[in-house]
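Colleague: Provided herewith: start_12.csv, CSV, C-alpha atoms.
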chain,number,residue,atom,x,y,z
A,752,MET,CA,115.2,139.2,103.6
A,753,THR,CA,113.3,136.6,101.4
A,754,ASN,CA,115.5,134.5,99.1
A,755,ILE,CA,114.6,135.3,95.5
A,756,ASN,CA,114.4,132.4,93.1
A,757,LEU,CA,115.3,133.9,89.7
A,758,ASN,CA,114.3,130.8,87.9
A,759,LEU,CA,110.7,131.2,89.1
A,760,TYR,CA,110.6,134.7,87.7
A,761,LYS,CA,112.1,133.5,84.4
A,762,ILE,CA,109.4,130.9,84.1
A,763,PHE,CA,106.8,133.5,85.0
A,764,CYS,CA,108.0,136.0,82.3
A,765,THR,CA,108.1,133.3,79.7
A,766,VAL,CA,104.5,132.2,80.4
A,767,ALA,CA,103.4,135.8,80.5
A,768,THR,CA,104.8,136.5,77.0
A,769,SER,CA,103.8,133.1,75.6
A,770,LYS,CA,100.3,133.1,77.1
A,771,SER,CA,100.5,129.3,77.1
A,772,TYR,CA,102.2,126.8,79.4
A,773,SER,CA,102.8,124.5,76.4
A,774,GLU,CA,104.5,127.2,74.3
A,775,ALA,CA,106.5,128.3,77.3
A,776,SER,CA,107.6,124.7,77.8
A,777,GLU,CA,109.0,124.6,74.3
A,778,LYS,CA,110.9,127.9,74.7
A,779,ILE,CA,112.7,127.0,78.0
A,780,ASN,CA,112.7,123.2,77.7
A,781,VAL,CA,110.7,122.6,80.9
A,782,SER,CA,107.8,120.2,81.2
A,783,VAL,CA,104.3,121.7,81.3
A,784,PRO,CA,103.6,120.0,84.8
A,785,ASN,CA,106.8,121.5,86.1
A,786,ILE,CA,105.9,125.0,84.8
A,787,SER,CA,102.5,124.7,86.4
A,788,THR,CA,104.1,123.7,89.7
A,789,GLN,CA,106.6,126.6,89.6
A,790,ILE,CA,103.9,129.1,88.8
A,791,LEU,CA,101.8,127.8,91.7
A,792,ASN,CA,104.9,128.0,94.0
A,793,LEU,CA,105.4,131.7,93.0
A,794,GLU,CA,101.7,132.5,93.6
A,795,ASN,CA,101.9,130.9,97.0
A,796,GLN,CA,105.1,132.8,97.8
A,797,LEU,CA,103.5,136.1,96.8
A,798,ASP,CA,100.0,135.1,98.1
A,799,THR,CA,98.7,136.4,94.8
A,800,LYS,CA,97.0,134.9,91.8
A,801,LEU,CA,99.1,135.7,88.7
A,802,PHE,CA,97.3,133.9,85.8
A,803,ASN,CA,93.7,133.1,84.9
A,804,ARG,CA,93.2,129.9,82.8
A,805,GLU,CA,91.3,130.3,79.6
A,806,LYS,CA,90.3,128.0,76.7
A,807,ASP,CA,93.3,129.0,74.5
A,808,GLY,CA,95.9,129.4,77.3
A,809,VAL,CA,96.5,131.7,80.2
A,810,LYS,CA,96.1,135.4,80.8
A,811,LEU,CA,97.7,137.7,83.4
A,812,THR,CA,95.6,138.9,86.2
A,813,GLU,CA,95.9,142.6,87.1
A,814,ALA,CA,98.4,141.7,89.9
A,815,GLY,CA,100.2,139.6,87.3
A,816,LYS,CA,100.4,142.5,84.9
A,817,GLU,CA,101.9,144.7,87.6
A,818,LEU,CA,104.5,142.1,88.5
A,819,TYR,CA,105.4,141.6,84.9
A,820,GLU,CA,106.0,145.3,84.3
A,821,ILE,CA,108.5,145.3,87.1
A,822,VAL,CA,110.2,142.0,86.7
A,823,SER,CA,110.5,141.7,82.9
A,824,LYS,CA,113.0,144.6,82.6
A,825,SER,CA,115.1,143.1,85.5
A,826,MET,CA,115.1,139.7,83.8
A,827,LEU,CA,116.4,141.4,80.5
A,828,ALA,CA,119.1,143.0,82.5
A,829,PHE,CA,120.2,139.7,84.1
A,830,GLU,CA,120.2,138.0,80.6
A,831,TYR,CA,122.3,140.9,79.3
A,832,GLY,CA,124.7,140.5,82.1
A,833,GLU,CA,125.1,136.8,81.3
A,834,LYS,CA,125.7,137.6,77.7
A,835,VAL,CA,128.4,140.2,78.6
A,836,LEU,CA,130.3,137.6,80.7
A,837,LYS,CA,129.9,134.7,78.2
A,838,GLU,CA,130.9,136.5,75.1
A,839,LYS,CA,134.4,135.8,73.8
A,840,ASN,CA,136.8,138.6,73.2
A,841,ASP,CA,136.8,137.9,69.4
A,842,LEU,CA,134.1,138.0,66.8
A,843,SER,CA,134.3,134.4,65.7
A,844,ASN,CA,131.3,133.1,67.7
A,845,GLY,CA,129.6,136.2,69.1
A,846,THR,CA,126.2,137.8,68.5
A,847,ILE,CA,125.5,141.4,68.0
A,848,THR,CA,122.1,143.0,67.8
A,849,ILE,CA,121.9,146.4,66.1
A,850,GLY,CA,119.1,149.0,65.7
A,851,CYS,CA,119.6,150.9,62.5
A,852,PRO,CA,117.1,152.5,60.0
A,853,SER,CA,116.9,150.7,56.7
A,854,HIS,CA,118.4,153.6,54.6
A,855,ILE,CA,121.5,153.7,56.8
A,856,THR,CA,121.7,149.9,56.9
A,857,THR,CA,121.6,149.8,53.1
A,858,TYR,CA,124.3,152.4,52.3
A,859,TYR,CA,126.6,152.2,55.3
A,860,LEU,CA,126.1,149.4,57.9
A,861,MET,CA,125.7,146.5,55.4
A,862,ASP,CA,129.2,147.2,54.0
A,863,CYS,CA,130.6,146.9,57.6
A,864,ILE,CA,128.6,143.7,58.2
A,865,GLU,CA,129.8,142.2,54.9
A,866,LYS,CA,133.5,142.8,55.9
A,867,ALA,CA,133.0,141.4,59.4
A,868,LYS,CA,131.2,138.2,58.1
A,869,LYS,CA,133.9,137.5,55.5
A,870,GLU,CA,136.5,137.6,58.2
A,871,HIS,CA,134.3,136.0,60.9
A,872,PRO,CA,131.8,133.6,59.3
A,873,GLY,CA,130.5,132.5,62.7
A,874,LEU,CA,129.5,135.9,63.8
A,875,VAL,CA,125.7,136.3,64.2
A,876,VAL,CA,124.2,139.7,63.4
A,877,ARG,CA,120.7,140.6,64.3
A,878,LEU,CA,119.3,143.8,62.7
A,879,ILE,CA,116.3,145.8,63.7
A,880,SER,CA,115.5,148.3,60.9
A,881,SER,CA,111.8,148.9,60.8
A,882,ALA,CA,111.2,150.3,64.3
A,883,ASN,CA,110.9,154.1,64.7
A,884,THR,CA,113.2,156.1,67.0
A,885,ASP,CA,111.1,155.8,70.1
A,886,LYS,CA,110.8,152.0,69.7
A,887,MET,CA,114.5,151.7,69.0
A,888,LEU,CA,115.2,153.5,72.2
A,889,GLU,CA,112.9,151.3,74.1
A,890,LEU,CA,114.6,148.2,72.8
A,891,LEU,CA,118.0,149.7,73.8
A,892,GLU,CA,116.8,150.4,77.3
A,893,ASN,CA,115.4,146.9,77.6
A,894,HIS,CA,118.8,145.4,76.3
A,895,GLU,CA,117.0,143.9,73.3
A,896,ILE,CA,119.5,145.7,71.1
A,897,ASP,CA,123.2,146.3,71.9
A,898,PHE,CA,123.5,149.7,70.2
A,899,MET,CA,121.9,152.0,67.6
A,900,ILE,CA,123.2,153.7,64.5
A,901,MET,CA,121.0,156.7,63.9
A,902,ASP,CA,121.0,160.0,62.1
A,903,ILE,CA,119.1,161.7,64.9
A,904,ILE,CA,119.7,162.0,68.6
A,905,PRO,CA,116.9,160.6,70.7
A,906,ASN,CA,115.7,162.2,73.9
A,907,SER,CA,116.2,159.9,76.8
A,908,ASN,CA,116.4,159.9,80.6
A,909,ILE,CA,119.1,157.2,80.6
A,910,ASP,CA,122.8,157.8,80.4
A,911,LEU,CA,123.6,157.4,76.7
A,912,SER,CA,127.0,157.5,74.9
A,913,ILE,CA,126.7,159.3,71.6
A,914,GLU,CA,129.6,159.3,69.1
A,915,GLU,CA,129.6,160.6,65.5
A,916,LEU,CA,130.7,157.8,63.1
A,917,LYS,CA,130.3,159.7,59.8
A,918,SER,CA,129.2,163.0,58.4
A,919,VAL,CA,127.1,162.7,55.2
A,920,ASN,CA,125.8,165.1,52.6
A,921,ASN,CA,122.1,165.7,51.9
A,922,ILE,CA,121.1,166.6,48.4
A,923,PHE,CA,118.0,167.2,46.3
A,924,VAL,CA,117.5,164.6,43.5
A,925,SER,CA,115.3,164.8,40.4
A,926,LYS,CA,114.3,162.5,37.6
A,927,LYS,CA,115.9,164.9,35.0
A,928,PRO,CA,119.0,167.1,35.1
A,929,LEU,CA,118.2,170.3,36.9
A,930,LYS,CA,120.3,173.4,37.6
A,931,ILE,CA,119.2,176.2,39.9
A,932,ASN,CA,120.9,179.5,39.3
A,933,ASP,CA,118.9,181.7,41.7
A,934,VAL,CA,118.1,180.2,45.1
A,935,LYS,CA,114.6,181.8,44.9
A,936,GLU,CA,113.8,179.4,42.0
A,937,LEU,CA,113.4,176.7,44.7
A,938,GLU,CA,110.1,178.1,45.7
A,939,ASN,CA,108.6,177.1,42.4
A,940,LEU,CA,109.3,173.4,42.7
A,941,LYS,CA,107.5,170.4,44.2
A,942,TYR,CA,109.2,168.5,47.1
A,943,ILE,CA,109.3,165.1,48.6
A,944,LEU,CA,110.6,165.5,52.1
A,945,ASN,CA,110.8,163.8,55.5
A,946,PHE,CA,108.3,164.9,58.1
A,947,ASP,CA,108.6,168.5,59.2
A,948,TYR,CA,109.3,167.5,62.8
A,949,THR,CA,112.4,165.5,61.9
A,950,ASN,CA,115.9,166.9,62.5
A,951,THR,CA,116.7,166.5,58.8
A,952,THR,CA,113.9,168.6,57.6
A,953,LYS,CA,114.3,171.2,60.3
A,954,LYS,CA,117.9,171.8,59.4
A,955,LEU,CA,117.0,172.1,55.7
A,956,MET,CA,114.3,174.7,56.5
A,957,GLU,CA,116.7,176.6,58.7
A,958,THR,CA,119.3,176.8,55.9
A,959,LEU,CA,116.7,177.9,53.4
A,960,ASN,CA,115.4,180.6,55.8
A,961,LYS,CA,118.8,182.2,55.8
A,962,TYR,CA,118.2,182.9,52.1
A,963,ASN,CA,114.5,183.9,52.7
A,964,VAL,CA,113.4,180.9,50.7
A,965,GLN,CA,110.1,179.1,51.7
A,966,ILE,CA,109.3,175.7,50.3
A,967,LYS,CA,106.4,173.3,50.8
A,968,ASP,CA,106.4,169.6,50.4
A,969,THR,CA,103.8,167.8,48.3
A,970,ILE,CA,104.7,164.4,49.7
A,971,GLU,CA,105.9,163.6,53.2
A,972,CYS,CA,107.5,160.3,54.0
A,973,ASP,CA,110.0,159.1,56.7
A,974,VAL,CA,111.4,156.3,54.5
A,975,THR,CA,114.3,157.2,52.2
A,976,GLU,CA,113.5,154.4,49.7
A,977,VAL,CA,110.0,155.7,49.2
A,978,ARG,CA,111.2,159.3,48.7
A,979,VAL,CA,113.7,158.0,46.1
A,980,ASP,CA,110.9,156.1,44.3
A,981,ALA,CA,108.7,159.2,44.3
A,982,ALA,CA,111.4,161.2,42.7
A,983,LYS,CA,111.9,158.6,40.0
A,984,ARG,CA,108.2,158.9,39.3
A,985,GLU,CA,108.7,162.7,38.8
A,986,LEU,CA,106.3,163.5,41.7
A,987,GLY,CA,108.8,166.2,42.9
A,988,ILE,CA,112.4,166.5,43.9
A,989,GLY,CA,113.5,164.3,46.8
A,990,TYR,CA,115.6,165.3,49.7
A,991,VAL,CA,117.9,162.4,50.7
A,992,MET,CA,121.4,161.5,51.8
A,993,LYS,CA,123.7,161.5,48.8
A,994,GLU,CA,125.2,158.1,49.6
A,995,ALA,CA,121.8,156.6,49.9
A,996,VAL,CA,121.2,157.2,46.1
A,997,LYS,CA,124.8,156.6,44.9
A,998,ARG,CA,123.7,153.8,42.6
A,999,GLU,CA,120.8,155.8,41.1
A,1000,LEU,CA,123.2,158.7,40.4
A,1001,GLU,CA,125.8,156.5,38.8
A,1002,ASN,CA,123.3,154.8,36.4
A,1003,GLY,CA,121.4,157.9,35.5
A,1004,GLU,CA,118.1,157.0,37.2
A,1005,LEU,CA,118.3,160.2,39.2
A,1006,TYR,CA,120.3,163.5,39.1
A,1007,GLU,CA,121.7,165.6,41.8
A,1008,VAL,CA,120.0,169.1,41.6
A,1009,GLU,CA,122.7,171.7,41.1
A,1010,LEU,CA,122.4,174.5,43.6
A,1011,PRO,CA,124.1,177.8,44.3
A,1012,ILE,CA,124.1,177.1,48.0
A,1013,GLU,CA,125.3,174.3,50.3
A,1014,LEU,CA,122.8,172.1,52.0
A,1015,PRO,CA,123.3,171.0,55.6
A,1016,ASN,CA,125.2,167.8,56.4
A,1017,ILE,CA,123.9,165.2,58.9
A,1018,SER,CA,125.8,163.0,61.3
A,1019,ILE,CA,125.5,159.2,61.5
A,1020,ASN,CA,125.9,158.4,65.2
A,1021,LEU,CA,126.7,155.4,67.4
A,1022,ILE,CA,124.4,155.4,70.4
A,1023,HIS,CA,124.5,153.0,73.3
A,1024,ILE,CA,124.0,152.9,77.1
A,1025,LYS,CA,127.2,154.0,78.8
A,1026,ASN,CA,129.4,151.1,79.9
A,1027,GLN,CA,127.0,148.5,78.5
A,1028,LEU,CA,128.7,147.1,75.4
A,1029,THR,CA,129.8,143.5,75.2
A,1030,ARG,CA,133.4,142.7,74.2
A,1031,VAL,CA,132.1,141.5,70.8
A,1032,ASP,CA,130.2,144.8,70.3
A,1033,LYS,CA,133.4,146.8,71.1
A,1034,SER,CA,135.4,144.7,68.7
A,1035,PHE,CA,132.9,145.1,65.9
A,1036,ILE,CA,132.6,148.9,66.5
A,1037,LYS,CA,136.4,149.4,66.6
A,1038,LYS,CA,137.3,147.2,63.7
A,1039,TYR,CA,134.4,147.9,61.3
A,1040,LEU,CA,132.4,150.9,62.2
A,1041,LYS,CA,135.2,153.3,62.9
A,1042,GLN,CA,137.4,152.5,59.9
Just give me the structure as structure tokens.
Modeller:
Amino acid sequence: MTNINLNLYKIFCTVATSKSYSEASEKINVSVPNISTQILNLENQLDTKLFNREKDGVKLTEAGKELYEIVSKSMLAFEYGEKVLKEKNDLSNGTITIGCPSHITTYYLMDCIEKAKKEHPGLVVRLISSANTDKMLELLENHEIDFMIMDIIPNSNIDLSIEELKSVNNIFVSKKPLKINDVKELENLKYILNFDYTNTTKKLMETLNKYNVQIKDTIECDVTEVRVDAAKRELGIGYVMKEAVKRELENGELYEVELPIELPNISINLIHIKNQLTRVDKSFIKKYLKQ
């Protein structure tokens, strides 16, 4: 069996993502001539040309693209393995990378991070909040985030651990006080909802269907903050998590719509690949997320 030089593949992946020997040199602190030599060595080993030189750098050949697709995920796994072994058992000098939508980060996760940072100032926290669910899952699979905190359960072929951290209430909010006495009155209002394919909206529609109530949105948006802003502008009543508008309710910017029925709750879930949390991840989850 051929001896595999992991350093060669690390250099190859760095050049592939940098698209430049000089930029790759800065990232891994290896001289440009050395990088050029190592890439040539790898090409000779594989008897395949991996890069084409261009005026502004280098570009993967078709063979190089195929190799990168295979090798890049393996390199991420090796790097993750290194991280697991190197991390200390406490939070003082560790790093955690979390995928969490902005609205959950704002009303829930940030409080946990604040407590952790006060007790462990050296803890480094990296947050990914703008990616959609599919992208979050991809980052998790590639070990670019340690775990996700989500209000939906993603579909995945990998073995995921899913645990409920918190159950939260969904409410309708309006710019002015509003009380609904007859549930059928809901059909006469304008709505600001998440997209109809989302779990949140599906559960809402299922609940209203039990009362033979049909509603239609006038604005669809998957960002809570935008739905809140639209409600403030009196463009309709917004459907949001109650804790996400706690401040607006307290200062009178928005009002919870009074209803004769209960709206569905949703779960905030901790999601990670089974048996693939670092010791720092586990400490943070146990001490701050599960309190």
Colleague: Quick one: distance from atom CA of A:Leu916 to atom CA of A:Leu1021 in Å, one decimal?
Modeller: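 So the two atoms, atom CA of A:Leu916 and atom CA of A:Leu1021, lie 6.3 Å apart.
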Colleague: Please tabulate, as CSV, the residues of stretch 769-888 of chain A that come within 12 Å of stretch 954-975 of chain A, each with its closest pair of atoms and the distance in Å to one decimal, counting only C-alpha atoms and ordering rows by chain, then residue number upward.
Modeller:
residue,atom,partner,partner_atom,distance
A:Pro852,CA,A:Val974,CA,8.8
A:Ser853,CA,A:Val974,CA,8.2
A:His854,CA,A:Thr975,CA,6.0
A:Ile855,CA,A:Thr975,CA,9.2
A:Thr856,CA,A:Thr975,CA,11.4
A:Thr857,CA,A:Thr975,CA,10.4
A:Tyr858,CA,A:Thr975,CA,11.1
A:Ser880,CA,A:Val974,CA,11.0
A:Ser881,CA,A:Val974,CA,9.7
A:Ala882,CA,A:Val974,CA,11.5
A:Asn883,CA,A:Asp973,CA,9.5
A:Thr884,CA,A:Asp973,CA,11.2
Colleague: Pick from A:Glu865, A:Glu777, A:Glu1001, A:Asp897: nearest to A:Gly850, with all atoms listed in the file counted?
Modeller: A:Asp897
Colleague: Looking at A:Ser773, A:Asn756, A:Asn906, A:Thr846, which one is nearest to A:Asp807, with distances taken over all atoms listed in the file?
Modeller: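 Residue with the minimum atom-to-atom distance to A:Asp807: A:Ser773.
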Colleague: Any idea what the distance is between atom CA of A:Met826 and atom CA of A:Thr788?
Modeller: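 Distance between the two atoms: 20.3 Å.
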Colleague: Would you mind telling me which residue in A:Ile1012, A:Ile879, A:Ile904, A:Ile913 lies nearest to A:Asp933 when using all atoms listed in the file?
Modeller: A:Ile1012
Colleague: Smallest atom-to-atom distance to A:Ala995: which of A:Leu911, A:Ile762, A:Val924, A:Leu929, using all atoms listed in the file?
Modeller: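 Looking only at the distances to A:Ala995, the closest residue turns out to be A:Val924.
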Colleague: Record the distance separating atom CA of A:Ile896 and atom CA of A:Leu793, expressed in Å with one decimal.
Modeller: 29.6 Å
Colleague: From the options A:Leu1028, A:Ile1036, A:Leu860, A:Ile922, which residue's atoms come nearest to A:Val996, counting all atoms listed in the file?
Modeller: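 Smallest distance to A:Val996 is found for A:Ile922.
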Colleague: Keeping all heavy atoms (and nothing else), can you write stretch 976-987 of chain A of this structure as a compact mmCIF listing (two decimals), in the first residue's frame?
Modeller:
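Final output, saved to decode_8.txt:
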# COMPACT_ATOMS: atom_id res chain seq x y z
N GLU A 976 -36.65 39.08 12.52
CA GLU A 976 -36.48 40.52 12.70
C GLU A 976 -37.24 41.31 11.64
O GLU A 976 -37.79 42.38 11.92
CB GLU A 976 -34.99 40.90 12.68
CG GLU A 976 -34.20 40.36 13.85
CD GLU A 976 -33.67 38.95 13.63
OE1 GLU A 976 -34.14 38.27 12.70
OE2 GLU A 976 -32.80 38.53 14.40
N VAL A 977 -37.29 40.78 10.43
CA VAL A 977 -38.00 41.47 9.35
C VAL A 977 -39.51 41.39 9.57
O VAL A 977 -40.24 42.36 9.34
CB VAL A 977 -37.61 40.88 7.98
CG1 VAL A 977 -38.43 41.52 6.86
CG2 VAL A 977 -36.12 41.09 7.72
N ARG A 978 -40.00 40.25 10.04
CA ARG A 978 -41.43 40.11 10.32
C ARG A 978 -41.84 41.07 11.45
O ARG A 978 -42.92 41.66 11.42
CB ARG A 978 -41.77 38.66 10.68
CG ARG A 978 -41.56 37.68 9.54
CD ARG A 978 -42.35 36.39 9.73
NE ARG A 978 -42.00 35.66 10.91
CZ ARG A 978 -40.97 34.81 11.02
NH1 ARG A 978 -40.17 34.61 9.97
NH2 ARG A 978 -40.73 34.16 12.14
N VAL A 979 -40.97 41.21 12.43
CA VAL A 979 -41.24 42.14 13.53
C VAL A 979 -41.30 43.56 13.00
O VAL A 979 -42.22 44.33 13.35
CB VAL A 979 -40.16 42.01 14.63
CG1 VAL A 979 -40.29 43.13 15.66
CG2 VAL A 979 -40.25 40.65 15.31
N ASP A 980 -40.36 43.93 12.16
CA ASP A 980 -40.34 45.28 11.61
C ASP A 980 -41.59 45.56 10.77
O ASP A 980 -42.16 46.65 10.84
CB ASP A 980 -39.08 45.47 10.76
CG ASP A 980 -38.95 46.89 10.23
OD1 ASP A 980 -38.89 47.83 11.03
OD2 ASP A 980 -38.93 47.06 8.99
N ALA A 981 -42.01 44.57 10.00
CA ALA A 981 -43.21 44.73 9.18
C ALA A 981 -44.45 44.94 10.05
O ALA A 981 -45.35 45.73 9.72
CB ALA A 981 -43.39 43.53 8.27
N ALA A 982 -44.51 44.22 11.18
CA ALA A 982 -45.64 44.39 12.10
C ALA A 982 -45.63 45.80 12.71
O ALA A 982 -46.68 46.42 12.88
CB ALA A 982 -45.59 43.34 13.20
N LYS A 983 -44.45 46.30 13.02
CA LYS A 983 -44.34 47.66 13.56
C LYS A 983 -44.84 48.70 12.55
O LYS A 983 -45.34 49.75 12.92
CB LYS A 983 -42.89 47.97 13.93
CG LYS A 983 -42.37 47.22 15.15
CD LYS A 983 -40.92 47.59 15.41
CE LYS A 983 -40.36 46.85 16.60
NZ LYS A 983 -38.94 47.18 16.84
N ARG A 984 -44.69 48.39 11.27
CA ARG A 984 -45.12 49.31 10.22
C ARG A 984 -46.60 49.13 9.86
O ARG A 984 -47.08 49.69 8.89
CB ARG A 984 -44.25 49.11 8.97
CG ARG A 984 -42.79 49.46 9.17
CD ARG A 984 -41.95 48.99 7.98
NE ARG A 984 -40.54 49.21 8.22
CZ ARG A 984 -39.84 50.26 7.80
NH1 ARG A 984 -40.46 51.22 7.10
NH2 ARG A 984 -38.56 50.38 8.04
N GLU A 985 -47.28 48.26 10.64
CA GLU A 985 -48.72 48.00 10.46
C GLU A 985 -49.03 47.42 9.09
O GLU A 985 -50.06 47.71 8.49
CB GLU A 985 -49.54 49.27 10.70
CG GLU A 985 -49.43 49.82 12.11
CD GLU A 985 -50.39 50.95 12.39
OE1 GLU A 985 -51.60 50.66 12.56
OE2 GLU A 985 -49.95 52.12 12.42
N LEU A 986 -48.12 46.56 8.60
CA LEU A 986 -48.35 45.88 7.33
C LEU A 986 -49.12 44.58 7.51
O LEU A 986 -49.41 43.88 6.55
CB LEU A 986 -47.01 45.60 6.64
CG LEU A 986 -46.19 46.84 6.30
CD1 LEU A 986 -44.84 46.44 5.69
CD2 LEU A 986 -46.95 47.75 5.34
N GLY A 987 -49.43 44.26 8.75
CA GLY A 987 -50.16 43.04 9.07
C GLY A 987 -49.80 42.62 10.48
O GLY A 987 -49.08 43.34 11.19
